[in-house]
Structures are given as structure tokens and as C-alpha cells.
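A.B. asks: Provided herewith is a single structure, encoded as C-alpha cells, for subsequent inquiry.
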Amino acid sequence: MRQVIALTIVLMLPAFMACNNETTLKEKIAQQEEQLYGDNDRQETDEELMASLAGDYVEYADKKPKDSLASEYLFRAADIYMNMGRAEKAMKQLDKILKSYPDFEKSAEVTFLKAYIYENYQGRLAKAEKFYQNFLKEYPQHEFADDVEMSLKHLGKSPEELVKQFEKEEAGKSN
């Protein structure tokens, strides 16, 4: 009988430890979020904390891909990476979302962010145009639709070209 109890404990220990590690990671994420977002008086961002939080989001999603938080955590990681100027890492998370979570409630935002990264971080205008067009096709009523149309209208134009175009449009309005 003692052997059965000992065997049961030994077999259940890894499951208990895995569950505890997941809870610990979730708690770590919550603490990091509070540190990063909870202090409204913070004047500068903590890049190390941002990178750590993004990494923990990805780790959690990788360990628990079926968890309801997985897609949201990948989205948050992508947002952090993009804001840190790490476009490739952001794109990797966005790709994971589109591939693994096609019904994610923020799929429109994911599509928009992919187009935005292609345009503004990578200069891959043809890819950006493709994703912007796909956005308008899939989400024509989305609140970003007007922004996407403007992005398409101005795709590839330098700031100087945009200023000239704006001035020309304003001059046309006053005539």
C-alpha cells in the first residue's frame, strides 16, 4: 500500500509543479504589467522590463497554446516589440496569431499591424499594400478602415511629398 501511495505522489508531482510554474509565470506577468503600466508618473520606459514582459507573454503562450490568454499575450508581446522597434519579433508574434488563432477577436488589428510594420519598419510597400487591401476586404466596417484607406492613398510617399499634396489639396479647396 505504501508503494502505491509513494508511486501516486511521484507521478503527481510533475503535474503539480507544472501547474505551479504556470501560476508563477502568470503572477510574474501580472507584476511586470503593474510595474510597466501601473505607474502613471513614469517619465521613461524601462526597455529591460518591456523585453522581459514580452518574453514572458510568448513563453506563456508557447507553454499553453490552448489557454484563452495565449492569443492575447502574443498580441501584447507584438505590441511591445513593435514599440521597442523590434519589428521582426513583432511580426513573428503576429504571424503566430494569424496561423494558430484565426478567430482571435483582434484579427483586424493584427492584419493592420502587419501592414503597418511592412510599410513603416521594413519599407516593403508591396506587402504593406497587400495587407492593407486584405484589411479593407475582410473588415470594411472596422474603425481603422479610414486609416487604412489613407495609408493606401499615401503609401510610399515621403513626408515632403505628403506636405506638397496636402498644400495642393488645401489650395484647391480655397478656390
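In the C-alpha cells, chains take the letters A, B, ... in the order shown, each chain's residues start at 1, and ligands count up from 1 in the order shown.
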List the neighbours of Lys89 (chain A) out to 9 Å using only C-alpha atoms; skip same-chain residues closer than 4 positions along the sequence, and give me the result as a ChimeraX atom specification.
C.D. replies: /A:77-78,81-82,93-94
A.B. asks: Since we have the selection now, will you write its residues out, keeping N, CA and C atoms, as a tab-separated table (two decimals), in the first residue's frame?
C.D. replies:
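File produced: again-v2.tsv:
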```
chain	number	residue	atom	x	y	z
A	77	ALA	N	2.67	40.95	-26.70
A	77	ALA	CA	4.10	40.84	-26.97
A	77	ALA	C	4.44	41.56	-28.27
A	78	ALA	N	3.63	41.36	-29.30
A	78	ALA	CA	3.86	42.02	-30.58
A	78	ALA	C	3.82	43.54	-30.42
A	81	TYR	N	7.04	44.63	-28.67
A	81	TYR	CA	8.18	44.54	-29.60
A	81	TYR	C	8.14	45.66	-30.64
A	82	MET	N	6.95	45.93	-31.16
A	82	MET	CA	6.83	46.98	-32.16
A	82	MET	C	7.22	48.34	-31.56
A	93	GLN	N	5.25	37.29	-33.81
A	93	GLN	CA	4.10	37.05	-32.92
A	93	GLN	C	2.79	37.23	-33.69
A	94	LEU	N	2.73	38.24	-34.55
A	94	LEU	CA	1.53	38.47	-35.35
A	94	LEU	C	1.27	37.28	-36.28
```
A.B. asks: Please, which residues of chain A, numbered as in this document, come out helix (DSSP H, G or I) from DSSP, as a ChimeraX atom specification?
C.D. replies: /A:2-37,47-63,70-83,87-100,107-120,125-138,145-154,159-174
A.B. asks: If we count only C-alpha atoms and set the cut-off at 9 Å, which residues sit around region 132-141 of chain A, ignoring sequence neighbours fewer than 2 positions away in its own chain? Please answer as a PyMOL selection string.
C.D. replies: chain A and resi 108-109+111-112+114-116+127-130+143-145+148-149+151-152
A.B. asks: Put those residues in a file: C-alpha atoms, as a tab-separated table (two decimals), in the first residue's frame.
C.D. replies:
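Saved to again_6.tsv:
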```
chain	number	residue	atom	x	y	z
A	108	ALA	CA	-8.36	43.01	-37.74
A	109	GLU	CA	-5.77	44.79	-35.60
A	111	THR	CA	-3.75	42.45	-40.05
A	112	PHE	CA	-3.42	46.22	-39.71
A	114	LYS	CA	1.35	43.58	-40.16
A	115	ALA	CA	0.69	46.10	-42.94
A	116	TYR	CA	1.93	48.94	-40.75
A	127	LYS	CA	3.49	43.60	-48.85
A	128	ALA	CA	2.01	46.53	-46.95
A	129	GLU	CA	-0.40	47.24	-49.77
A	130	LYS	CA	-1.46	43.58	-49.87
A	143	GLU	CA	-12.84	51.65	-37.02
A	144	PHE	CA	-9.39	51.54	-38.69
A	145	ALA	CA	-10.84	51.33	-42.23
A	148	VAL	CA	-6.15	52.08	-43.90
A	149	GLU	CA	-7.61	53.96	-46.87
A	151	SER	CA	-2.38	54.67	-45.68
A	152	LEU	CA	-3.06	53.21	-49.11
```
A.B. asks: Using only C-alpha atoms for the distances, tell me which of A:Phe104, A:Gly156, A:Glu59, A:Leu113 is nearest to Ala126 (chain A).
C.D. replies: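 With only C-alpha atoms as the atom set, the closest residue is A:Gly156.
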A.B. asks: Please compute the CA of Asn120 (chain A)-CA of Ser107 (chain A) distance, one decimal, in Å.
C.D. replies: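 Interatomic distance here is 19.7 Å.
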A.B. asks: Just checking: using only C-alpha atoms, which residue out of A:Lys99, A:Arg76, A:Lys28, A:His154 ends up closest to Leu125 (chain A)?
C.D. replies: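 The shortest atom-to-atom distance to Leu125 (chain A) comes from A:His154.
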A.B. asks: Kindly give the distance, in Å, that separates CA of Met150 (chain A) and CA of Gln165 (chain A), rounded to a single decimal.
C.D. replies: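 Between CA of Met150 (chain A) and CA of Gln165 (chain A) the gap works out to 12.8 Å.
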